[in-house]
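In what follows, a structure is listed as structure tokens, so that the remarks can point back to it.
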Amino acid sequence: MSEPQPVYLSDYQAPAYRVSHTQLTFELDPAATKVKARLLVERHPERETGLPLELDGEHLSLKSIALDGKPLEAADYELTEQGLRIPQVPERFVLDTEVEISPRDNTALQGLYQSSGIYCTQCEAEGFRRITFYPDRPDVMATFSTTLIGTAEPVLLSNGNPVEKGTLDDGRHFVTWEDPHPKPSYLFALVAGDLKKVADRFTTMHGREVSLEIWVEEENLDKTDHAMASLKRAMKWDEETYGREYDLDLFMIVAVNDFNMGAMENKGLNIFNSAAVLTHPKTATDVAYQRVEGIVAHEYFHNWSGNRVTCRDWFQLSLKEGFTVFRDQCYSADTNSAPVKRIQDVSFFRTAQFAEDAGPTAHPIRPDHYIEITNFYTLTIYEKGSEVVRMLRNLVGWEAFRRGSDLYFERFDGQAVTIEDFVDCMAEASGEDLTRFMRWYSQAGTPEIDAHGEYDYVTSEYRLTLRQRTPTTPGQQDKQPLHIPVRLGLVGTKSGRDLNMTLGGETLGRDAVIHLREDEQEFLFTDVAESPIPSLLRHFSAPVKLHFPYSREDLAFLLQHDSDGFNRWDAGQRLALLALDDLIAAHRNGVEKVMDSRVTDAFRTLLTSRIDDKAVLAEMLTLPSEAYIAEQQPLVDVDAIHAAREFVRQSLALALRDEFLAVFEANQSDAPYAPEPEQIAQRSLKNVALSYLMAIEDEKGLAFAQAQFDADHNMTDVRHALTLLVHSSRDDLASPALKAFGETWSHDPLVMDQWFSLQVTRPQEDAVERVKFLMQHPAFSLKNPNKVRALIGTFANQNRVNFHRLDGEGYRLLADVVIKLNRLNPEIAARLITPLTRWQRFDEQRQALMKAELERIKAEPLSPNVYEVVAKALA
Ligand code: 0A1
Ligand code: ZN
């Protein structure tokens with residue numbers, strides 16, 4: 001294979017031809033599906049006449065082709081690996097093609113494929129070209145009419161509304177669907193197979209009735225309630241919050257077992273990874289319930305932010321994804337505990353997105369080139385994109401933001417647009433100058449702010465200096481200063497209250513935002529009544545790293561007194577990190593580890609003071625993860641980090657055993673399971689307490705864990721108890737529990753995913769061997785992305801001590817899987833490599849081992865997906 005070539009944003013041109021209407025007919029067959037396409041094509045008004053027609057097409061076998069009804073001769077067109085080219089076409093014409101494809105053999109899960117016998121499609125980003133010859137780019141928008149012909153299958157679904165159905169002379173069934181909304185090919189979908197539906201209704205803000213349907217395999221009919229309830233809440237929320245109403249008579253969700261991502265927003269026919277729809281108290285954890293709610297909302301919200309207004313090209317991906325993630329985060333915050341949602345989102349973001357931004361695949365929210373677009377469905381495009389939209393909302397204020405959003409949807413309805421178009425609407429609606437703000441979209445890397453402050457007792461002035469720098473990233477040496485909104489308060493060291501802030505004669509109040517726009521700025525607060533400790537970057541007001549020389553006493557103080565719940569939590573995290581730093585150093589130097597009593601005292605206060613929000617308390621009692629601790633270290637020492645964190649957990653458990661016991665006992669409940677915020681909070685607090693007790697394998701803790709497993713009340717509790725047993729040294733308890741669980745749930749793939757994950761996160765030394773052993777399990781399959789993620793992905797990303805084993809076996813295992821998957825499913829293979837791409841962060845010995853595995857992968861004949869990631873990692 002020749003080296004794959006990048007595509008550049010700067011090369012963008014409007015398409016030479018556009019398609020006004022697309023008519024498709026599918027004769028479904030596992031190995032030989034016939035696809036007939038009739039395209040109504042016309043020259044793009046902005047492009048010159050006489051250009052050739054170029055259609056994308058991959059893995060298609062062309063059976064016939066005709067232009068305006070006349071079959072084309074072989075000399076009239078050219079077929080290549082990438083598609084079909086007709087050098088001479090009229091200004092307007094009808095193109096008919098017929099191709100054959102094999103859904104059964106499609107293991108890449110892009111285009112038309114089969115999942116557990118069900119036909120389904122995934123067309124974003126460039127999957128439609130595996131279905132028929134087409135200008136497969138988002139700025140070509142057409143109305144679609146689709147006829148599905150199936151042998152025995154009565155369920156034949158596509159976008160829009162069903163307009164005709166019946167039986168053909170040969171006994172086959174057909175259904176014709178019409179989608180009146182012009183859409184790009186990536187939003188096309190079809191589903192056919194033995195599925196059952198759960199139906200409901202929604203009345204829109206203007207009184208229109210919409211049928212809601214969730215289609216699943218029969219055995220999952222009892223697992224759709226939560227997704228349906230979430231969908232209705234999301235529809236209502238989008239009307240109330242953004243004034244967005246649904247625009248078809250029918251909205252369908254389909255659950256499939258084999259899916260590369262979480263879900264897909266195809267117009268009127270969202271296709272979901274079954275893991276992102278199905279829930280039942282006995283099979284899904286609280287985390288899964290919340291994930292389902294968020295993803296159902298996310299896909300639904302795309303109907304406007306993505307479908308009605310779409311992206312001009314794939315460089316604009318964050319236009320729809322950043323905005324839609326922001327919308328789903330706000331929705332989840334409104335329906336659950338807002339402070340906890342923010343803590344969890346930020347905690348994940350700072351661990352995973354910061355690592356991406358600091359690694360060899362770092363890219364701006366709007367990249368300027370790519371080899372394979374599926375590699376760009378990243379935390380940067382999605383989550384950092386959302387943080388930037390959040391900053392916009394905060395900069396202009398909610399009301400102007402809403403006006404800007406209305407303007408955006410009105411002005412660009414039915415069009416394919418750019419990130420500038422979106423930001424321009426916000427600037428227009430608010431009157432703000434957002435020119436410098438746009439740099440957030442083009443500059444990669446996480447900005448760092450070095451802050452320091454000085455209080456002058458004589459003048460009562462507080463001088464805060466902020467300096468920003470963005471580290472260089474691959475291909476981007478020079479960084480410009482960004483516009484960084486810093487939300488802050490000055491907490492009085494005497495009163496423990498937020499002090500009034502006056503800046504340049506202007507009263508800001510007790511909680512305000514200051515704007516850092518230059519490399520360095522000084523903020524002089526006057527009339528500061530007492531010496532303050534600054535509480536900076538409240539609510540994580542910008543996606544940056546903030547350095548401030550807080551003492552441990554400062555942090556303990558903020559943990560108690562900060563009026564901002566988010567920063568109170570963050571003060572606790574910073575305090576724990578400082579203690580962990582010392583312990584990591586002690587471990588490396590072979591010195592005895594000593595627990596910092598300030599951390600123990602802070603935890604004691606938390607455990608004994610009355611905090612109303614139990615979910616926030618549970619977060620505060622949770623130490624930073626090993627991955628997040630690693631993020632803070634100049635060089636990652638996985639063993640020292642693990643040892644230090646375990647030492648802190650055990651020291652806390654020993655010192656506060658009775659307090660943890662009391663919290664555990666006070667929060668047990670046998671109320672019927674409900675995925676409601678109060679219950680979820682109570683369970684998480686109880687389970688955090690149990691984790692501490694199990695860190696020292698306390699007798700009572702062990703008994704509680706066993707009893708919680710045996711009680712079999714709900715999956716959250718069962719899974720947590722089982723995980724604690726399996727991660728303990730008590731194989732006598734763990735083995736029978738694991739066996740019983742595996743047997744009970746062998747029929748349920750989503751529960752088996754959890755069974756795999758909790759075993760391969762075991763800290764014990766045999767983890768690599770266990771992964772290999774489980775790969776032979778009948779429930780495992782390399783062809784199923786959920787299984788690969790549950791077993792291999794979880795191991796490589798969450799079992800840090802074992803993945804980074806010094807004999808290199810963890811790395812070798814991952815590389816072996818990547819090499820196999822490269823042929824089966826390049827998209828999943830490319831994603832799986834991530835932990836190996838972070839080799840620069842480790843010691844020389846591990847660096848060498850990791851690079852050797854990357855080189856071994858690189859020597860294979862590679863898909864563009866894997867090639868792009870490996871080439872960047874080794875550049
Ligand atoms: N647009 C979907 C995510 C998605 C992207 C690519 C896919 O296949 C390659 C599948 C789904 C979303 O944001 O939910
Ligand atoms: Zn999305």
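If you're wondering about the labels, chains in the structure tokens are A, B, ... by order shown, residues count from 1 in each chain, ligands from 1 in order shown.
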Write out, as CSV, each residue of segment 372-417 of chain A that has an atom at most 12 Å from segment 508-520 of chain A, together with the closest pair of atoms and their distance in Å to one decimal, counting only C-alpha atoms, rows going by chain and rising number.
```
residue,atom,partner,partner_atom,distance
A:Met391,CA,A:Val513,CA,11.1
A:Asn394,CA,A:Val513,CA,9.2
A:Leu395,CA,A:Val513,CA,8.9
A:Val396,CA,A:Val513,CA,11.9
A:Gly397,CA,A:Val513,CA,11.8
```
TODO: Just the residues within 7 Å of segment 452-460 of chain A, please, counting only C-alpha atoms, with nothing from its chain fewer than 3 positions along; format it as a list of chain:residue names.
DONE: A:Arg463, A:Leu464, A:Thr465, A:Leu466, A:Thr526, A:Asp527, A:Val528, A:Ala529, A:Ser531, A:Phe548, A:Pro549
- [ ] Check which residues fall inside 8 Å of ligand 2 when counting only C-alpha atoms and all ligand atoms, and print them as a list of chain:residue names.
- [x] A:Met264, A:Glu265, A:His298, A:Glu299, A:His302, A:Gly306, A:Lys320, A:Glu321, A:Gly322, A:Thr324, A:Val325, A:Tyr382
Would you tabulate, counting only C-alpha atoms and all ligand atoms, all residues of chain A that have an atom at most 6 Å from an atom of ligand 1, showing the closest pair of atoms and their distance in Å to one decimal, sorted by chain then ascending number, as a Markdown table?
```
| residue | atom | partner | partner_atom_place_in_ligand_line | distance |
| --- | --- | --- | --- | --- |
| A:Gln122 | CA | ligand 1 | 8 (O) | 5.9 |
| A:Glu124 | CA | ligand 1 | 6 (C) | 5.0 |
| A:Ala125 | CA | ligand 1 | 9 (C) | 5.8 |
| A:Asn260 | CA | ligand 1 | 8 (O) | 5.9 |
| A:Met261 | CA | ligand 1 | 10 (C) | 4.9 |
| A:Ala263 | CA | ligand 1 | 14 (O) | 4.9 |
| A:Met264 | CA | ligand 1 | 2 (C) | 4.4 |
| A:Glu299 | CA | ligand 1 | 14 (O) | 5.7 |
| A:Glu321 | CA | ligand 1 | 13 (O) | 5.9 |
| A:Thr374 | CA | ligand 1 | 9 (C) | 5.7 |
```
Task: Close residues, Thr380 of chain A itself excluded, 9 Å, only C-alpha atoms, min 5 positions apart in chain, as a ChimeraX atom specification - done: /A:318,322,353-354,356-357,362-365,385-386,444
- [ ] Give me the residues within 9 Å of segment 153-167 of chain A as number ranges by chain, counting only C-alpha atoms and dropping any in the same chain fewer than 3 places off.
- [x] A: 144-150, 170-181, 187-196, 248-252, 266-269
Preceding selection exported with C-alpha atoms as a short mmCIF file (atom, residue, chain, number, x, y, z; two decimals), in the first residue's frame:
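Saved result, out_13.cif, follows:
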```cif
data_model
loop_
_atom_site.label_atom_id
_atom_site.label_comp_id
_atom_site.auth_asym_id
_atom_site.auth_seq_id
_atom_site.Cartn_x
_atom_site.Cartn_y
_atom_site.Cartn_z
CA PHE A 144 -34.10 10.94 0.12
CA SER A 145 -36.64 8.35 -0.77
CA THR A 146 -35.68 4.80 0.12
CA THR A 147 -37.27 1.46 -0.67
CA LEU A 148 -36.20 -1.56 1.33
CA ILE A 149 -36.95 -5.03 0.03
CA GLY A 150 -36.43 -7.93 2.39
CA ASP A 170 -42.18 -13.02 -5.47
CA GLY A 171 -43.36 -12.80 -1.84
CA ARG A 172 -40.74 -10.35 -0.65
CA HIS A 173 -41.77 -7.43 1.55
CA PHE A 174 -41.04 -3.81 0.82
CA VAL A 175 -41.40 -0.48 2.57
CA THR A 176 -40.77 2.93 1.04
CA TRP A 177 -39.60 5.81 3.26
CA GLU A 178 -39.51 9.47 2.41
CA ASP A 179 -37.38 12.00 4.23
CA PRO A 180 -38.51 15.52 3.30
CA HIS A 181 -35.59 17.25 5.03
CA LEU A 187 -27.22 10.96 8.07
CA PHE A 188 -28.70 8.19 5.94
CA ALA A 189 -29.70 5.00 7.77
CA LEU A 190 -31.52 1.76 7.28
CA VAL A 191 -32.33 -1.05 9.68
CA ALA A 192 -33.92 -4.40 8.86
CA GLY A 193 -34.37 -7.53 10.87
CA ASP A 194 -36.14 -9.35 13.61
CA LEU A 195 -36.79 -6.51 16.01
CA LYS A 196 -39.58 -5.59 18.39
CA LEU A 248 -41.02 14.69 11.79
CA ASP A 249 -44.02 12.59 12.86
CA LEU A 250 -41.83 9.70 13.89
CA PHE A 251 -38.64 9.37 15.93
CA MET A 252 -36.97 5.97 16.17
CA ASN A 266 -29.32 9.59 11.62
CA LYS A 267 -32.34 11.69 10.72
CA GLY A 268 -35.41 10.24 12.45
CA LEU A 269 -33.67 6.89 12.92
#
```
Task: Members of segment 370-431 of chain A assigned helix (DSSP H, G or I) by DSSP, as JSON, numbers by chain - done: {"A": [373, 374, 375, 376, 379, 380, 381, 382, 383, 384, 385, 386, 387, 388, 389, 390, 391, 392, 393, 394, 395, 396, 398, 399, 400, 401, 402, 403, 404, 405, 406, 407, 408, 409, 410, 411, 412, 419, 420, 421, 422, 423, 424, 425, 426, 427, 428, 429, 430]}
Go ahead and save the picked residues with C-alpha atoms, as a JSON list (two decimals), in the first residue's frame.
```json
[["chain", "number", "residue", "atom", "x", "y", "z"],
["A", 373, "ILE", "CA", -11.40, 11.49, 9.66],
["A", 374, "THR", "CA", -12.60, 8.67, 11.93],
["A", 375, "ASN", "CA", -9.42, 9.27, 13.94],
["A", 376, "PHE", "CA", -10.76, 12.75, 14.76],
["A", 379, "LEU", "CA", -11.91, 14.28, 23.24],
["A", 380, "THR", "CA", -10.53, 17.48, 21.79],
["A", 381, "ILE", "CA", -13.24, 17.82, 19.13],
["A", 382, "TYR", "CA", -16.01, 16.74, 21.50],
["A", 383, "GLU", "CA", -15.11, 17.74, 25.05],
["A", 384, "LYS", "CA", -12.74, 20.62, 24.51],
["A", 385, "GLY", "CA", -15.17, 21.80, 21.83],
["A", 386, "SER", "CA", -17.86, 21.80, 24.49],
["A", 387, "GLU", "CA", -15.67, 23.68, 26.97],
["A", 388, "VAL", "CA", -15.13, 26.37, 24.36],
["A", 389, "VAL", "CA", -18.88, 26.69, 23.73],
["A", 390, "ARG", "CA", -19.35, 26.87, 27.50],
["A", 391, "MET", "CA", -16.84, 29.74, 27.68],
["A", 392, "LEU", "CA", -18.78, 31.49, 24.91],
["A", 393, "ARG", "CA", -22.01, 31.10, 26.86],
["A", 394, "ASN", "CA", -20.33, 32.52, 29.95],
["A", 395, "LEU", "CA", -18.67, 35.36, 28.05],
["A", 396, "VAL", "CA", -21.81, 36.65, 26.37],
["A", 398, "TRP", "CA", -27.11, 33.02, 28.64],
["A", 399, "GLU", "CA", -29.60, 35.42, 27.10],
["A", 400, "ALA", "CA", -27.32, 36.64, 24.34],
["A", 401, "PHE", "CA", -26.14, 33.08, 23.82],
["A", 402, "ARG", "CA", -29.74, 31.96, 23.32],
["A", 403, "ARG", "CA", -30.35, 34.81, 20.88],
["A", 404, "GLY", "CA", -27.20, 33.80, 19.03],
["A", 405, "SER", "CA", -28.37, 30.20, 18.94],
["A", 406, "ASP", "CA", -31.79, 31.23, 17.55],
["A", 407, "LEU", "CA", -30.08, 33.34, 14.94],
["A", 408, "TYR", "CA", -27.78, 30.46, 13.98],
["A", 409, "PHE", "CA", -30.63, 27.98, 13.53],
["A", 410, "GLU", "CA", -32.74, 30.45, 11.62],
["A", 411, "ARG", "CA", -30.05, 31.80, 9.35],
["A", 412, "PHE", "CA", -28.48, 28.47, 8.47],
["A", 419, "ILE", "CA", -17.47, 27.26, 12.99],
["A", 420, "GLU", "CA", -17.10, 30.96, 12.06],
["A", 421, "ASP", "CA", -20.76, 31.04, 11.11],
["A", 422, "PHE", "CA", -21.63, 29.86, 14.62],
["A", 423, "VAL", "CA", -19.30, 32.22, 16.46],
["A", 424, "ASP", "CA", -20.38, 35.13, 14.22],
["A", 425, "CYS", "CA", -23.97, 34.61, 15.36],
["A", 426, "MET", "CA", -22.83, 34.79, 18.97],
["A", 427, "ALA", "CA", -20.82, 37.95, 18.28],
["A", 428, "GLU", "CA", -23.75, 39.52, 16.45],
["A", 429, "ALA", "CA", -26.26, 38.65, 19.15],
["A", 430, "SER", "CA", -24.05, 39.92, 21.98]]
```
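Our summary of the geometry notes that atom CA of Glu245 of chain A is positioned 16.0 Å from atom CA of Val296 of chain A.
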TODO: Kindly give the distance, in Å, that separates atom CA of Ala689 of chain A and atom CA of Ala711 of chain A, rounded to a single decimal.
DONE: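 Atom CA of Ala711 of chain A lies at a distance of 18.1 Å from atom CA of Ala689 of chain A.
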Task: Minimum-distance residue to Lys70 of chain A, chosen among A:Met694, A:Val94, A:Ile641, A:Ala662 (using only C-alpha atoms) - done: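 Counting only C-alpha atoms, the residue closest to Lys70 of chain A is A:Val94.
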List as a PDB file with C-alpha atoms, in the first residue's frame the protein and nucleic acid residues near segment 132-136 of chain A, meaning an atom at most 6 Å away when only C-alpha atoms are counted, but skip any in the same chain fewer than 3 places from it.
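In the end it all went to result10.pdb:
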```pdb
ATOM      1  CA  LEU A  55     -18.371  10.162  -6.955  1.00  0.00           C
ATOM      2  CA  ASP A  56     -16.948   8.413  -3.922  1.00  0.00           C
ATOM      3  CA  GLY A  57     -17.289   4.644  -3.751  1.00  0.00           C
ATOM      4  CA  ARG A 129     -19.547   5.514  -0.087  1.00  0.00           C
TER       5      ARG A 129
END
```
Task: Selection near Val599 of chain A, 8 Å with only C-alpha atoms, sequence-local residues under 5 positions removed, as a list in words - done: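 In the requested form, the answer reads Leu575, Ala576 and Ala579 of chain A.
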Open item on the list: Show me, as a VMD selection string, the residues that have an atom within 12 Å of segment 635-640 of chain A when counting only C-alpha atoms, minus same-chain residues fewer than 3 positions from it.
Closed with: chain A and resid 580 to 591 593 625 to 632 643 to 647 763 798 to 806 838 to 847
Atoms to include: C-alpha atoms. Write the selected residues as an mmCIF file, in the first residue's frame.
```cif
data_model
loop_
_atom_site.group_PDB
_atom_site.id
_atom_site.type_symbol
_atom_site.label_atom_id
_atom_site.label_comp_id
_atom_site.auth_asym_id
_atom_site.auth_seq_id
_atom_site.Cartn_x
_atom_site.Cartn_y
_atom_site.Cartn_z
ATOM 1 C CA LEU A 580 0.790 11.995 46.960
ATOM 2 C CA ASP A 581 3.781 13.826 45.492
ATOM 3 C CA ASP A 582 5.726 13.314 48.712
ATOM 4 C CA LEU A 583 4.761 9.672 48.886
ATOM 5 C CA ILE A 584 5.720 9.051 45.269
ATOM 6 C CA ALA A 585 9.124 10.546 46.031
ATOM 7 C CA ALA A 586 9.427 8.464 49.196
ATOM 8 C CA HIS A 587 8.590 5.314 47.266
ATOM 9 C CA ARG A 588 11.169 6.081 44.595
ATOM 10 C CA ASN A 589 13.842 6.824 47.183
ATOM 11 C CA GLY A 590 13.040 3.763 49.225
ATOM 12 C CA VAL A 591 12.209 5.898 52.262
ATOM 13 C CA LYS A 593 6.101 6.563 53.690
ATOM 14 C CA SER A 625 -7.147 8.553 39.839
ATOM 15 C CA GLU A 626 -3.771 7.045 38.988
ATOM 16 C CA ALA A 627 -4.176 8.460 35.494
ATOM 17 C CA TYR A 628 -4.761 11.967 36.808
ATOM 18 C CA ILE A 629 -1.868 11.725 39.242
ATOM 19 C CA ALA A 630 0.294 10.603 36.335
ATOM 20 C CA GLU A 631 -0.808 13.683 34.370
ATOM 21 C CA GLN A 632 0.753 15.881 37.071
ATOM 22 C CA ALA A 643 1.940 2.394 45.745
ATOM 23 C CA ALA A 644 1.472 5.973 46.949
ATOM 24 C CA ARG A 645 -2.225 6.023 46.179
ATOM 25 C CA GLU A 646 -2.771 2.652 47.855
ATOM 26 C CA PHE A 647 -0.826 3.880 50.860
ATOM 27 C CA PRO A 763 -4.044 -5.044 40.438
ATOM 28 C CA GLN A 798 -7.204 1.296 33.555
ATOM 29 C CA ASN A 799 -4.811 -1.332 34.807
ATOM 30 C CA ARG A 800 -1.769 0.848 34.712
ATOM 31 C CA VAL A 801 0.620 -1.228 36.812
ATOM 32 C CA ASN A 802 0.037 -4.332 34.735
ATOM 33 C CA PHE A 803 -0.191 -2.760 31.302
ATOM 34 C CA HIS A 804 3.176 -1.126 31.961
ATOM 35 C CA ARG A 805 4.750 -4.330 33.235
ATOM 36 C CA LEU A 806 8.514 -4.183 32.839
ATOM 37 C CA ARG A 838 2.027 8.155 25.270
ATOM 38 C CA TRP A 839 5.481 6.579 25.458
ATOM 39 C CA GLN A 840 7.345 9.890 25.940
ATOM 40 C CA ARG A 841 5.881 10.143 29.417
ATOM 41 C CA PHE A 842 7.653 7.046 30.790
ATOM 42 C CA ASP A 843 11.133 5.924 31.817
ATOM 43 C CA GLU A 844 13.693 4.894 29.186
ATOM 44 C CA GLN A 845 13.150 1.200 29.594
ATOM 45 C CA ARG A 846 9.410 1.452 29.048
ATOM 46 C CA GLN A 847 9.887 3.974 26.250
#
```
Task: Interatomic distance (Å, one decimal) between atom CA of Ala674 of chain A and atom CA of Gly793 of chain A - done: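 Separation of atom CA of Ala674 of chain A and atom CA of Gly793 of chain A: 29.7 Å.
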Open item on the list: Could you check the closest approach to Ala276 of chain A for each of A:Lys223, A:Lys772, A:Arg233, A:Arg762 and tell me which residue wins, using only C-alpha atoms?
Closed with: A:Lys223
Task: Nearest to Val309 of chain A, chosen from A:Ser691, A:Asn500, A:Thr472, A:Thr418, with only C-alpha atoms counted in the distances - done: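 Of all the options, A:Thr418 lies closest to Val309 of chain A.
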Open item on the list: Taking the DSSP secondary structure from the backbone, can you list the residues of segment 49-141 of chain A that are strand (DSSP E or B), as a VMD selection string?
Closed with: chain A and resid 53 to 56 61 to 67 70 to 71 78 to 79 83 to 86 92 to 101 111 to 115 118 to 122 134
